[in-house]
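*Asks:* So here's protein_25.txt, just compact mmCIF, C-alpha atoms:
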# COMPACT_ATOMS: atom_id res chain seq x y z
CA MET F 25 57.94 37.47 -33.29
CA THR F 26 54.22 37.87 -33.93
CA GLY F 27 54.88 38.24 -37.65
CA ARG F 28 56.96 35.05 -37.76
CA TYR F 29 54.25 33.03 -35.97
CA LEU F 30 51.67 34.39 -38.42
CA THR F 31 53.85 33.38 -41.37
CA ILE F 32 54.11 29.83 -40.04
CA ALA F 33 50.33 29.63 -39.54
CA VAL F 34 49.68 30.80 -43.09
CA ILE F 35 52.16 28.27 -44.51
CA GLY F 36 50.46 25.47 -42.55
CA MET F 37 47.02 26.54 -43.81
CA LEU F 38 48.26 26.66 -47.42
CA ILE F 39 49.67 23.15 -47.09
CA ILE F 40 46.43 21.84 -45.62
CA GLY F 41 44.35 23.56 -48.30
CA GLY F 42 46.58 22.33 -51.11
CA ILE F 43 46.50 18.70 -50.06
CA GLY F 44 42.78 18.83 -49.26
CA SER F 45 42.01 20.24 -52.73
CA ALA F 46 44.09 17.55 -54.36
CA ALA F 47 41.76 14.95 -52.88
CA GLY F 48 39.14 15.88 -55.48
CA HIS F 49 35.95 15.78 -53.35
CA THR F 50 32.66 15.25 -55.19
CA HIS F 51 30.47 16.43 -52.28
CA SER F 52 30.17 19.78 -50.57
CA THR F 53 27.66 21.93 -48.70
CA ALA F 54 27.73 24.77 -51.22
CA VAL F 55 24.64 25.45 -53.31
CA SER F 56 25.21 24.93 -57.04
CA SER F 57 25.73 28.03 -59.17
CA SER F 58 22.75 27.38 -61.44
CA ALA F 59 20.48 26.93 -58.41
CA GLN F 60 21.51 30.44 -57.28
CA MET F 61 20.24 32.07 -60.49
CA SER F 62 17.16 34.20 -60.03
CA ALA F 63 14.05 32.05 -60.40
CA PRO F 64 10.57 33.27 -61.38
CA PRO F 65 8.66 34.88 -58.50
CA THR F 66 6.69 32.42 -56.38
CA ASP F 67 4.32 34.99 -54.89
CA SER F 68 2.64 35.95 -58.17
CA TYR F 69 0.33 33.72 -60.20
CA VAL F 70 -1.20 33.62 -63.65
CA VAL F 71 -3.86 31.58 -65.42
CA GLU F 72 -3.29 30.62 -69.07
CA GLN F 73 -5.40 29.05 -71.78
CA GLY F 74 -3.92 29.13 -75.26
CA GLU F 75 -3.02 32.76 -76.01
CA PHE F 76 -5.02 33.99 -73.02
CA CYS F 77 -3.01 34.90 -69.90
CA GLN F 78 -4.09 36.85 -66.83
CA PRO F 79 -2.60 37.47 -63.37
CA ILE F 80 -4.65 36.12 -60.46
CA GLU F 81 -4.48 36.28 -56.67
CA PRO F 82 -5.35 33.43 -54.30
CA LEU F 83 -8.47 33.72 -52.19
CA SER F 84 -7.34 33.66 -48.57
CA SER F 85 -8.71 33.33 -45.04
CA ASP F 86 -7.77 31.80 -41.69
CA GLU F 87 -9.85 28.68 -42.46
CA THR F 88 -8.40 25.48 -43.84
CA ILE F 89 -9.50 24.61 -47.36
CA ASP F 90 -11.77 21.79 -46.14
CA SER F 91 -13.44 24.16 -43.68
CA PHE F 92 -13.74 26.85 -46.36
CA TYR F 93 -15.28 24.38 -48.81
CA GLU F 94 -17.52 22.85 -46.08
CA TYR F 95 -18.71 19.70 -47.76
CA ARG F 96 -21.77 18.21 -46.05
CA SER F 97 -22.84 14.58 -46.22
CA HIS F 98 -24.43 12.10 -43.82
CA GLU F 99 -20.90 11.20 -42.66
CA THR F 100 -19.75 14.76 -42.01
CA HIS F 101 -22.85 16.42 -40.49
CA PRO F 102 -25.64 15.26 -38.14
CA ASP F 103 -29.25 14.69 -39.22
CA ASP F 104 -30.49 18.06 -37.97
CA VAL F 105 -28.08 19.93 -40.29
CA GLU F 106 -28.74 20.46 -43.99
CA ARG F 107 -26.48 18.12 -45.94
CA LEU F 108 -27.28 17.84 -49.61
CA TYR F 109 -23.90 16.27 -50.46
CA SER F 110 -22.63 19.65 -51.62
CA SER F 111 -20.32 22.54 -50.73
CA TYR F 112 -21.99 24.89 -48.23
CA GLY F 113 -18.97 27.12 -47.64
CA THR F 114 -18.57 28.31 -51.23
CA THR F 115 -22.19 29.20 -52.02
CA HIS F 116 -21.16 32.83 -52.59
CA LEU F 117 -18.71 31.63 -55.27
CA GLN F 118 -21.06 29.23 -57.05
CA ARG F 119 -22.88 29.90 -60.33
CA ASP F 120 -25.49 27.87 -62.25
CA ASP F 121 -24.11 25.72 -65.09
CA THR F 122 -20.57 26.91 -64.26
CA SER F 123 -17.38 25.15 -63.16
CA THR F 124 -15.18 27.42 -61.03
CA LEU F 125 -11.41 27.22 -60.42
CA PHE F 126 -9.50 29.11 -57.74
CA LEU F 127 -6.31 29.18 -55.70
CA TYR F 128 -6.89 29.29 -51.95
CA GLU F 129 -4.37 30.36 -49.28
CA GLY F 130 -5.14 28.98 -45.81
CA PRO F 131 -3.23 28.13 -42.64
CA ASN F 132 -1.93 24.88 -44.18
CA GLY F 133 -0.66 26.45 -47.40
CA LEU F 134 -1.86 26.98 -50.95
CA SER F 135 -4.56 24.79 -52.51
CA LEU F 136 -6.10 24.46 -55.95
CA GLY F 137 -9.87 24.35 -55.52
CA MET F 138 -12.76 23.69 -57.87
CA VAL F 139 -16.54 23.69 -57.46
CA HIS F 140 -19.18 22.88 -60.07
CA ASP F 141 -22.62 24.49 -60.24
CA ARG F 142 -24.71 26.11 -57.48
CA LEU F 143 -26.32 24.64 -54.38
CA GLY F 144 -30.08 25.12 -54.61
CA GLY F 145 -29.69 26.61 -58.07
CA GLU F 146 -31.56 26.05 -61.31
CA SER F 147 -28.98 23.79 -62.95
CA GLU F 148 -30.06 20.29 -63.98
CA GLY F 149 -26.73 18.82 -62.79
CA ALA F 150 -23.82 17.68 -64.92
CA LEU F 151 -20.99 15.28 -65.60
CA VAL F 152 -17.41 16.57 -65.12
CA THR F 153 -13.92 15.06 -65.37
CA LEU F 154 -10.83 17.16 -64.61
CA GLU F 155 -7.24 15.94 -64.75
CA ALA F 156 -4.36 17.98 -63.27
CA ALA F 157 -0.86 17.30 -64.67
CA GLY F 158 2.49 18.58 -63.41
CA LEU F 159 1.58 18.28 -59.73
CA PRO F 160 4.33 18.31 -57.10
CA HIS F 161 4.77 14.93 -55.42
CA GLU F 162 3.35 16.22 -52.12
CA SER F 163 0.00 17.20 -53.67
CA GLU F 164 -3.05 15.18 -52.71
CA TRP F 165 -6.83 15.43 -52.73
CA VAL F 166 -7.68 17.02 -49.36
CA VAL F 167 -11.30 17.82 -50.27
CA LYS F 168 -13.44 15.21 -52.02
CA ASP F 169 -17.03 16.07 -52.89
CA ASP F 170 -18.42 13.34 -52.74
CA ASN F 171 -16.41 11.02 -50.54
CA TYR F 172 -18.62 8.74 -48.50
CA THR F 173 -19.37 5.04 -48.33
CA GLY F 174 -22.50 3.70 -49.94
CA GLU F 175 -23.99 2.45 -53.18
CA THR F 176 -25.02 5.91 -54.37
CA ARG F 177 -21.48 7.29 -54.27
CA MET F 178 -20.25 7.70 -57.85
CA ASP F 179 -17.37 10.18 -57.78
CA GLU F 180 -13.88 8.84 -58.42
CA TYR F 181 -10.55 10.35 -57.34
CA GLU F 182 -7.15 9.19 -58.57
CA ARG F 183 -3.56 10.18 -57.86
CA GLY F 184 -0.68 9.09 -60.09
CA ASP F 185 2.97 9.98 -60.71
CA GLY F 186 2.78 13.65 -61.68
CA TRP F 187 -0.99 13.83 -62.09
CA ALA F 188 -4.35 13.59 -60.33
CA SER F 189 -7.89 13.29 -61.67
CA ALA F 190 -11.48 13.31 -60.51
CA SER F 191 -14.80 12.47 -62.15
CA TRP F 192 -18.11 13.74 -60.80
CA ALA F 193 -21.78 13.12 -61.57
CA TYR F 194 -24.48 15.13 -59.78
CA ARG F 195 -28.11 16.05 -60.19
CA ASP F 196 -30.08 19.29 -60.07
CA GLY F 197 -29.65 21.78 -57.24
CA ARG F 198 -26.37 20.27 -55.99
CA THR F 199 -22.64 20.82 -56.38
CA ASP F 200 -19.52 18.74 -56.81
CA GLY F 201 -15.84 19.57 -56.65
CA GLY F 202 -12.70 19.20 -54.56
CA ALA F 203 -9.28 20.62 -53.70
CA LEU F 204 -5.63 19.62 -54.08
CA ARG F 205 -3.00 20.74 -51.60
CA GLY F 206 0.72 20.10 -51.07
CA GLY F 207 3.88 21.32 -52.79
CA LEU F 208 2.21 24.46 -54.16
CA ASP F 209 3.89 26.97 -51.85
CA GLY F 210 6.98 27.28 -54.07
CA GLU F 211 7.37 27.46 -57.83
CA PHE F 212 4.82 25.33 -59.72
CA ALA F 213 2.77 24.98 -62.88
CA VAL F 214 -0.33 22.76 -62.95
CA THR F 215 -2.27 22.13 -66.15
CA VAL F 216 -5.94 21.19 -65.77
CA HIS F 217 -7.38 19.18 -68.65
CA PRO F 218 -11.21 19.40 -68.85
CA ARG F 219 -13.82 16.90 -69.98
CA PHE F 220 -17.24 18.40 -69.45
CA ASN F 221 -20.69 16.98 -70.14
CA GLU F 222 -20.79 14.32 -72.88
CA ASP F 223 -16.94 14.09 -72.84
CA ALA F 224 -16.76 13.26 -69.12
CA ALA F 225 -15.77 9.80 -67.93
CA PHE F 226 -19.28 8.94 -66.69
CA ALA F 227 -20.98 9.87 -69.95
CA GLY F 228 -22.96 6.90 -71.23
CA SER F 229 -22.57 5.01 -67.96
CA ASP F 230 -25.37 3.28 -66.09
CA LEU F 231 -25.39 5.46 -62.95
CA PRO F 232 -26.97 4.32 -59.66
CA VAL F 233 -28.78 7.65 -59.15
CA SER F 234 -31.58 8.94 -61.38
CA GLY F 235 -31.96 12.53 -62.54
CA ILE F 236 -28.36 13.07 -63.67
CA PRO F 237 -28.20 14.46 -67.22
CA GLU F 238 -26.52 12.24 -69.78
CA GLU F 239 -25.08 15.25 -71.60
CA GLY F 240 -24.94 19.01 -71.18
CA GLY F 241 -25.02 20.90 -67.91
CA ILE F 242 -21.79 22.92 -67.71
CA GLU F 243 -21.82 25.94 -70.00
CA GLU F 244 -19.03 28.09 -68.56
CA TRP F 245 -15.61 27.67 -66.95
CA ASP F 246 -14.52 30.49 -64.63
CA VAL F 247 -11.46 31.39 -62.57
CA LEU F 248 -11.58 33.52 -59.41
CA SER F 249 -9.08 36.05 -58.05
CA GLY F 250 -8.74 38.33 -55.03
CA SER F 251 -11.06 38.56 -52.04
CA ALA F 252 -12.39 35.32 -50.59
CA GLU F 253 -15.70 37.07 -49.88
CA SER F 254 -16.15 38.89 -53.19
CA PRO F 255 -13.55 37.76 -55.74
CA ASP F 256 -13.14 38.92 -59.32
CA ARG F 257 -14.52 36.38 -61.79
CA THR F 258 -13.14 35.73 -65.28
CA SER F 259 -14.76 33.47 -67.85
CA LEU F 260 -12.16 31.30 -69.59
CA PRO F 261 -12.19 31.37 -73.40
CA SER F 262 -12.92 27.65 -73.93
CA LEU F 263 -14.61 24.69 -72.24
CA ASP F 264 -12.44 22.26 -74.20
CA GLU F 265 -8.86 23.55 -73.93
CA PRO F 266 -6.55 22.89 -70.95
CA VAL F 267 -5.87 25.63 -68.42
CA THR F 268 -2.54 26.17 -66.64
CA ILE F 269 -2.26 27.91 -63.29
CA ARG F 270 1.35 28.70 -62.41
CA THR F 271 3.70 30.96 -60.51
CA GLY F 272 5.40 33.81 -62.38
CA THR F 273 4.16 36.43 -64.82
CA CYS F 274 2.61 36.47 -68.28
CA GLU F 275 5.87 37.95 -69.62
CA GLY F 276 8.01 35.06 -68.37
CA PRO F 277 8.48 31.54 -69.75
CA SER F 278 5.49 29.22 -69.56
CA VAL F 279 5.38 25.52 -68.67
CA THR F 280 2.39 23.29 -69.41
CA TYR F 281 1.92 19.56 -68.76
CA ASP F 282 0.21 16.63 -70.44
CA ARG F 283 -0.24 13.14 -69.09
CA THR F 284 1.11 10.37 -71.30
CA SER F 285 0.51 6.62 -71.17
CA ASP F 286 3.63 6.20 -69.01
CA GLY F 287 4.43 9.58 -67.48
CA ILE F 288 4.06 13.28 -68.16
CA THR F 289 5.30 15.74 -70.80
CA ALA F 290 6.49 19.21 -69.82
CA THR F 291 6.31 21.82 -72.61
CA VAL F 292 8.28 25.05 -72.23
CA THR F 293 7.41 28.12 -74.33
CA ASN F 294 8.78 31.64 -74.63
CA ALA F 295 12.07 30.95 -72.82
CA ALA F 296 15.35 32.82 -73.26
CA PRO F 297 18.69 31.02 -72.72
CA ASP F 298 19.30 32.87 -69.44
CA ASP F 299 15.83 32.16 -68.06
CA PRO F 300 15.73 29.53 -65.28
CA VAL F 301 12.70 27.35 -65.99
CA GLY F 302 11.45 25.02 -63.27
CA VAL F 303 10.10 21.67 -64.47
CA GLN F 304 8.30 19.00 -62.43
CA PRO F 305 9.66 15.51 -63.25
CA THR F 306 8.15 12.19 -62.36
CA ALA F 307 9.36 10.67 -59.09
CA GLY F 308 11.76 8.02 -60.42
CA THR F 309 11.89 4.27 -60.04
CA ASP F 310 12.27 3.89 -56.26
CA ASP F 311 9.76 4.89 -53.58
CA GLY F 312 12.54 5.91 -51.18
CA VAL F 313 14.12 8.27 -53.72
CA ARG F 314 12.31 11.16 -55.40
CA PHE F 315 13.38 13.48 -58.19
CA GLU F 316 11.78 16.72 -56.99
CA ARG F 317 12.64 19.44 -59.52
CA LEU F 318 14.69 20.30 -62.60
CA GLU F 319 15.74 23.93 -63.03
CA LEU F 320 16.54 24.25 -66.73
CA THR F 321 18.68 26.92 -68.40
CA GLY F 322 19.90 27.30 -71.96
CA ILE F 323 16.50 26.92 -73.65
CA ASP F 324 15.99 29.34 -76.53
CA GLY F 325 12.30 29.51 -77.40
CA ASP F 326 10.35 26.27 -76.97
CA ALA F 327 11.26 22.84 -75.63
CA SER F 328 9.62 19.66 -74.36
CA LEU F 329 10.61 16.74 -72.13
CA THR F 330 8.66 13.52 -71.60
CA PHE F 331 9.37 11.85 -68.27
CA GLU F 332 8.65 8.16 -67.75
CA SER F 333 6.86 7.34 -64.51
CA ARG F 334 8.67 4.02 -64.03
CA PHE F 335 11.66 2.48 -65.81
CA SER F 336 11.32 -1.27 -65.57
CA GLU F 337 14.31 -2.59 -67.51
CA LEU F 338 17.56 -0.91 -68.50
CA SER F 339 18.68 -1.38 -72.08
CA GLU F 340 22.05 0.27 -71.41
CA THR F 341 24.71 -0.53 -68.83
CA PRO F 342 24.06 1.15 -65.47
CA PRO F 343 26.81 3.18 -63.76
CA ALA F 344 29.87 0.94 -63.47
CA ASP F 345 30.47 -1.01 -60.28
CA VAL F 346 27.42 0.39 -58.46
CA GLU F 347 23.84 -0.66 -57.88
CA PRO F 348 21.65 2.43 -58.49
CA LEU F 349 18.93 3.38 -56.06
CA SER F 350 16.72 5.07 -58.68
CA TYR F 351 16.53 6.28 -62.27
CA LEU F 352 14.81 9.17 -64.01
CA THR F 353 14.31 8.69 -67.74
CA VAL F 354 13.51 11.39 -70.29
CA ALA F 355 11.98 9.26 -73.04
CA GLU F 356 11.69 12.11 -75.55
CA GLN F 357 12.98 15.67 -75.68
CA SER F 358 13.24 18.54 -78.13
CA GLY F 359 14.73 22.02 -77.98
CA THR F 360 17.11 20.98 -75.18
CA ASP F 361 20.38 20.59 -77.12
CA ASN F 362 22.02 23.46 -75.23
CA ALA F 363 20.15 22.99 -71.97
CA SER F 364 21.58 22.15 -68.59
CA ALA F 365 19.74 21.57 -65.34
CA ALA F 366 20.07 21.93 -61.59
CA VAL F 367 18.50 18.75 -60.23
CA SER F 368 17.02 18.44 -56.77
CA PHE F 369 16.17 15.03 -55.34
CA THR F 370 15.50 13.46 -51.95
CA VAL F 371 16.46 10.15 -50.38
CA SER F 372 14.80 8.79 -47.26
CA LYS F 373 17.10 7.94 -44.37
CA ASP F 374 15.50 4.50 -44.16
CA ARG F 375 16.46 3.82 -47.76
CA LEU F 376 20.07 4.80 -47.11
CA GLU F 377 20.16 2.60 -44.02
CA GLU F 378 18.86 -0.35 -46.05
CA ARG F 379 21.77 0.09 -48.46
CA GLY F 380 24.31 0.77 -45.71
CA LEU F 381 25.05 4.23 -47.08
CA LYS F 382 25.74 7.63 -45.58
CA ALA F 383 24.43 10.81 -47.20
CA ASP F 384 27.88 11.86 -48.41
CA GLU F 385 28.27 8.51 -50.19
CA VAL F 386 25.41 9.27 -52.62
CA ALA F 387 25.90 10.89 -56.02
CA LEU F 388 23.84 11.79 -59.04
CA TYR F 389 25.03 10.24 -62.30
CA GLU F 390 24.21 11.51 -65.78
CA GLN F 391 24.36 9.39 -68.91
CA ARG F 392 26.29 10.91 -71.83
CA GLY F 393 26.06 8.56 -74.76
CA ASP F 394 27.09 5.16 -73.39
CA GLU F 395 29.00 6.61 -70.47
CA TRP F 396 27.77 7.32 -66.94
CA THR F 397 29.43 10.16 -65.04
CA ALA F 398 29.07 11.05 -61.36
CA VAL F 399 28.56 14.80 -60.97
CA GLU F 400 29.23 16.97 -57.94
CA THR F 401 26.37 16.32 -55.53
CA THR F 402 25.45 18.47 -52.55
CA VAL F 403 23.54 17.63 -49.39
CA SER F 404 21.51 20.83 -49.33
CA ASP F 405 19.15 20.12 -46.43
CA GLU F 406 18.07 17.49 -43.91
CA SER F 407 14.68 16.82 -42.36
CA ASP F 408 13.58 14.21 -39.82
CA GLY F 409 13.40 11.35 -42.30
CA THR F 410 14.94 12.71 -45.50
CA TYR F 411 18.10 14.11 -47.03
CA HIS F 412 17.80 16.74 -49.77
CA PHE F 413 20.39 16.79 -52.56
CA GLU F 414 21.30 19.11 -55.44
CA ALA F 415 23.47 18.56 -58.49
CA ASP F 416 24.09 20.14 -61.91
CA VAL F 417 23.89 18.11 -65.12
CA THR F 418 24.42 18.85 -68.80
CA SER F 419 22.80 15.68 -70.17
CA LEU F 420 19.09 15.07 -69.61
CA SER F 421 18.41 11.69 -71.22
CA ARG F 422 18.80 9.57 -68.09
CA LEU F 423 19.81 10.31 -64.51
CA ALA F 424 20.64 7.84 -61.73
CA VAL F 425 20.99 8.16 -57.97
CA ALA F 426 23.67 5.71 -56.88
CA PRO F 427 26.51 5.15 -54.42
CA ASN F 428 29.69 7.00 -55.26
CA PRO F 429 32.54 4.47 -55.00
CA ASP F 430 35.09 7.28 -54.68
CA ALA F 431 33.34 9.04 -51.80
CA ALA F 432 34.93 7.06 -48.96
CA SER F 433 38.44 7.17 -50.44
CA ALA F 434 38.12 10.86 -51.23
CA GLY F 435 37.07 11.54 -47.65
CA SER F 436 39.99 9.48 -46.34
CA ILE F 437 42.44 11.34 -48.56
CA GLY F 438 41.02 14.60 -47.32
CA LEU F 439 41.53 13.58 -43.69
CA ILE F 440 45.06 12.40 -44.45
CA GLY F 441 45.75 15.72 -46.16
CA ILE F 442 44.56 17.64 -43.13
CA GLY F 443 46.76 15.52 -40.85
CA VAL F 444 49.80 15.94 -43.08
CA GLY F 445 49.18 19.67 -43.27
CA LEU F 446 48.91 20.02 -39.52
CA ALA F 447 52.05 17.94 -39.04
CA ALA F 448 53.94 20.02 -41.60
CA GLY F 449 52.85 23.20 -39.90
CA ALA F 450 53.97 21.86 -36.54
CA VAL F 451 57.39 20.83 -37.94
CA LEU F 452 57.94 24.26 -39.48
CA GLY F 453 56.93 25.93 -36.26
CA LEU F 454 59.26 23.74 -34.19
CA GLY F 455 62.12 24.37 -36.59
CA TRP F 456 61.62 28.11 -36.35
CA LEU F 457 61.60 28.01 -32.54
CA VAL F 458 64.80 25.91 -32.41
CA THR F 459 66.55 28.22 -34.84
CA THR F 460 65.45 31.34 -32.98
CA ARG F 461 66.60 30.03 -29.61
CA ALA F 462 69.96 29.00 -31.07
CA ARG F 463 70.45 32.54 -32.38
CA ASP F 464 69.45 34.05 -29.04
For the file at hand, write its structure as structure tokens.
*Replies:*
Amino acid sequence: MTGRYLTIAVIGMLIIGGIGSAAGHTHSTAVSSSAQMSAPPTDSYVVEQGEFCQPIEPLSSDETIDSFYEYRSHETHPDDVERLYSSYGTTHLQRDDTSTLFLYEGPNGLSLGMVHDRLGGESEGALVTLEAAGLPHESEWVVKDDNYTGETRMDEYERGDGWASASWAYRDGRTDGGALRGGLDGEFAVTVHPRFNEDAAFAGSDLPVSGIPEEGGIEEWDVLSGSAESPDRTSLPSLDEPVTIRTGTCEGPSVTYDRTSDGITATVTNAAPDDPVGVQPTAGTDDGVRFERLELTGIDGDASLTFESRFSELSETPPADVEPLSYLTVAEQSGTDNASAAVSFTVSKDRLEERGLKADEVALYEQRGDEWTAVETTVSDESDGTYHFEADVTSLSRLAVAPNPDAASAGSIGLIGIGVGLAAGAVLGLGWLVTTRARD
């Protein structure tokens, strides 16, 4: 009798599974296959400039980056403490006429730090502008040297979609600099574009403080690695060429970023078709929705994608019968004919509530020619105020996050299928019991 009961149970499960599969769900909790491919290591780092590439290690301590940097001004330290509007915590890292880059690992995660010149040194001061492109959306300036109120404050800090910049002007015997933190604890590549001395943003400006050189000052650009107390120091080959600091190895594919007038361009080099290459897109067109990452495969050699920061007016028809929440537009691309991508994006719960949507009613659409297609979309994670989604696409020209009109009906069909399956199993079981008792 045990064998007969088991047979009935299996039949019921097969019926349920068959009808449930026929419903054609577009949402699941499984991670996409391309997202499972082995990604570059996120615990190794390199610095690149042109053909130059070298592994580096973050400086680390139990201090936060702002405590490690220890910027002192009249707003941060009392009158009886030295406060020459400079970094007092990095004096052992500072060099005259030198701009220094470093990764720093502290209790709040990984930061990208920079300090120019040496406190109490022999430098005459300098003008510096640095722009970082390819930043994760969470990144922000957490150290700003100088950042105080008053007419003598000159330094400027900006944060845009995929980039951040700072411009400094300082006189002899002082330092300037800052640090970016957020989103750097996973896979990343950040390209720092330099403008030193007469190329800096403040060059030729009428500055409110005397004694700042109009040109010259910085003569060397260094990167640090290893011990926070006594790190290794490497002089970069050029003061004029951009530098990329990224996860991975020198043997793996490289990604560099440039800021454009309306977004950022990601350039991939040295990729093989099986290599997963992580690319940082712009956020998209809606503040409550963010495109977080594209994991590309199928690139053979070099490729580039230019992401628009905002897409103001659609020239093509949006996904039929739906009002999209957000778009991501790749304005230009090359070397991506055979590429596909695992896309990760987030939607705030408030944004879904505004639209009267549930998480399983959201889908990613890709545009193929003039057609929009909803692709299988997964709710991969959930935090206090945000849902995290993943989806695989084969077309990269334009992506849209939008309601899936089939989601509710597909879910209803699935529930009906389960009910029918259970009912069928119960009928079969009852029939078997009646037949058995009749024979007995």
*Asks:* Take the point (8.8, 14.2, -58.6) as written in the file and pick out every residue within 7 Å of it, counting only C-alpha atoms; give the list as a compact mmCIF listing (two decimals) with C-alpha atoms, in the frame of the given file.
*Replies:*
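Resulting contents of part25.txt:
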# COMPACT_ATOMS: atom_id res chain seq x y z
CA PRO F 160 4.33 18.31 -57.10
CA HIS F 161 4.77 14.93 -55.42
CA GLY F 186 2.78 13.65 -61.68
CA GLN F 304 8.30 19.00 -62.43
CA PRO F 305 9.66 15.51 -63.25
CA THR F 306 8.15 12.19 -62.36
CA ALA F 307 9.36 10.67 -59.09
CA ARG F 314 12.31 11.16 -55.40
CA PHE F 315 13.38 13.48 -58.19
CA GLU F 316 11.78 16.72 -56.99
CA ARG F 317 12.64 19.44 -59.52
*Asks:* Output, as lines of an AutoDock Vina configuration file, the centre and edge lengths in Å (one decimal) of the axis-aligned box that contains all listed atoms of segment 211-216 of chain F with 6 Å of margin on each side.
*Replies:*
center_x = 0.7
center_y = 24.3
center_z = -62.0
size_x = 25.3
size_y = 18.3
size_z = 20.3
*Asks:* Can you list every residue of segment 110-168 of chain F that has an atom at most 12 Å from segment 240-263 of chain F, with its nearest atom pair and the distance in Å to one decimal, using all atoms listed in the file, ordered by chain then number, as JSON lines?
*Replies:*
{"residue": "F:Gly113", "atom": "CA", "partner": "F:Glu253", "partner_atom": "CA", "distance": 10.7}
{"residue": "F:Thr114", "atom": "CA", "partner": "F:Glu253", "partner_atom": "CA", "distance": 9.3}
{"residue": "F:Thr115", "atom": "CA", "partner": "F:Glu253", "partner_atom": "CA", "distance": 10.4}
{"residue": "F:His116", "atom": "CA", "partner": "F:Glu253", "partner_atom": "CA", "distance": 7.4}
{"residue": "F:Leu117", "atom": "CA", "partner": "F:Ser254", "partner_atom": "CA", "distance": 8.0}
{"residue": "F:Gln118", "atom": "CA", "partner": "F:Asp246", "partner_atom": "CA", "distance": 10.1}
{"residue": "F:Arg119", "atom": "CA", "partner": "F:Glu244", "partner_atom": "CA", "distance": 9.3}
{"residue": "F:Asp120", "atom": "CA", "partner": "F:Ile242", "partner_atom": "CA", "distance": 8.2}
{"residue": "F:Asp121", "atom": "CA", "partner": "F:Ile242", "partner_atom": "CA", "distance": 4.5}
{"residue": "F:Thr122", "atom": "CA", "partner": "F:Glu244", "partner_atom": "CA", "distance": 4.7}
{"residue": "F:Ser123", "atom": "CA", "partner": "F:Trp245", "partner_atom": "CA", "distance": 4.9}
{"residue": "F:Thr124", "atom": "CA", "partner": "F:Asp246", "partner_atom": "CA", "distance": 4.8}
{"residue": "F:Leu125", "atom": "CA", "partner": "F:Val247", "partner_atom": "CA", "distance": 4.7}
{"residue": "F:Phe126", "atom": "CA", "partner": "F:Leu248", "partner_atom": "CA", "distance": 5.2}
{"residue": "F:Leu127", "atom": "CA", "partner": "F:Leu248", "partner_atom": "CA", "distance": 7.8}
{"residue": "F:Tyr128", "atom": "CA", "partner": "F:Ala252", "partner_atom": "CA", "distance": 8.3}
{"residue": "F:Glu129", "atom": "CA", "partner": "F:Ala252", "partner_atom": "CA", "distance": 9.5}
{"residue": "F:Gly130", "atom": "CA", "partner": "F:Ala252", "partner_atom": "CA", "distance": 10.8}
{"residue": "F:Leu136", "atom": "CA", "partner": "F:Val247", "partner_atom": "CA", "distance": 11.0}
{"residue": "F:Gly137", "atom": "CA", "partner": "F:Val247", "partner_atom": "CA", "distance": 10.1}
{"residue": "F:Met138", "atom": "CA", "partner": "F:Val247", "partner_atom": "CA", "distance": 9.1}
{"residue": "F:Val139", "atom": "CA", "partner": "F:Asp246", "partner_atom": "CA", "distance": 10.1}
{"residue": "F:His140", "atom": "CA", "partner": "F:Ile242", "partner_atom": "CA", "distance": 8.1}
{"residue": "F:Asp141", "atom": "CA", "partner": "F:Ile242", "partner_atom": "CA", "distance": 7.7}
{"residue": "F:Arg142", "atom": "CA", "partner": "F:Ile242", "partner_atom": "CA", "distance": 11.1}
{"residue": "F:Glu146", "atom": "CA", "partner": "F:Gly241", "partner_atom": "CA", "distance": 10.6}
{"residue": "F:Ser147", "atom": "CA", "partner": "F:Gly241", "partner_atom": "CA", "distance": 7.0}
{"residue": "F:Glu148", "atom": "CA", "partner": "F:Gly241", "partner_atom": "CA", "distance": 6.4}
{"residue": "F:Gly149", "atom": "CA", "partner": "F:Gly241", "partner_atom": "CA", "distance": 5.8}
{"residue": "F:Ala150", "atom": "CA", "partner": "F:Gly241", "partner_atom": "CA", "distance": 4.6}
{"residue": "F:Leu151", "atom": "CA", "partner": "F:Gly241", "partner_atom": "CA", "distance": 7.3}
{"residue": "F:Val152", "atom": "CA", "partner": "F:Ile242", "partner_atom": "CA", "distance": 8.1}
{"residue": "F:Thr153", "atom": "CA", "partner": "F:Ile242", "partner_atom": "CA", "distance": 11.4}
{"residue": "F:Leu154", "atom": "CA", "partner": "F:Leu263", "partner_atom": "CA", "distance": 11.4}
*Asks:* Considering all atoms listed in the file, return as a list in words whatever protein or nucleic-acid residues lie within 10 Å of Leu420 of chain F, sequence-local ones (same chain, fewer than 6 positions apart) excluded.
*Replies:*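 Surrounding residues, per the criterion: Leu318, Leu320, Leu329, Leu352, Thr353, Val354, Ala355, Glu356, Gln357, Thr360, Asp361, Ala363, Ser364, Ala365, Glu390, Gln391 and Arg392 of chain F.
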*Asks:* Compile the contact shell of Arg205 of chain F as a PyMOL selection string: residues with an atom at most 9 Å away, counting all atoms listed in the file, same-chain residues fewer than 4 positions apart removed.
*Replies:* chain F and resi 89+132-137+162-167
*Asks:* So how far away is atom CA of Leu423 of chain F from atom CA of Tyr389 of chain F, in Å?
*Replies:*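 If I compute the distance from atom CA of Tyr389 of chain F to atom CA of Leu423 of chain F, I get 5.7 Å.
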*Asks:* For Phe413 of chain F, which residue among F:Pro427, F:Val367, F:Gly74, F:Asp374 is the nearest when counting all atoms listed in the file?
*Replies:*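 Going through F:Pro427, F:Val367, F:Gly74, F:Asp374 one by one, the smallest distance to Phe413 of chain F is for F:Val367.
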*Asks:* Interatomic distance between atom CA of Ser328 of chain F and atom CA of Ala387 of chain F?
*Replies:*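 Pair atom CA of Ser328 of chain F / atom CA of Ala387 of chain F returns 26.0 Å.
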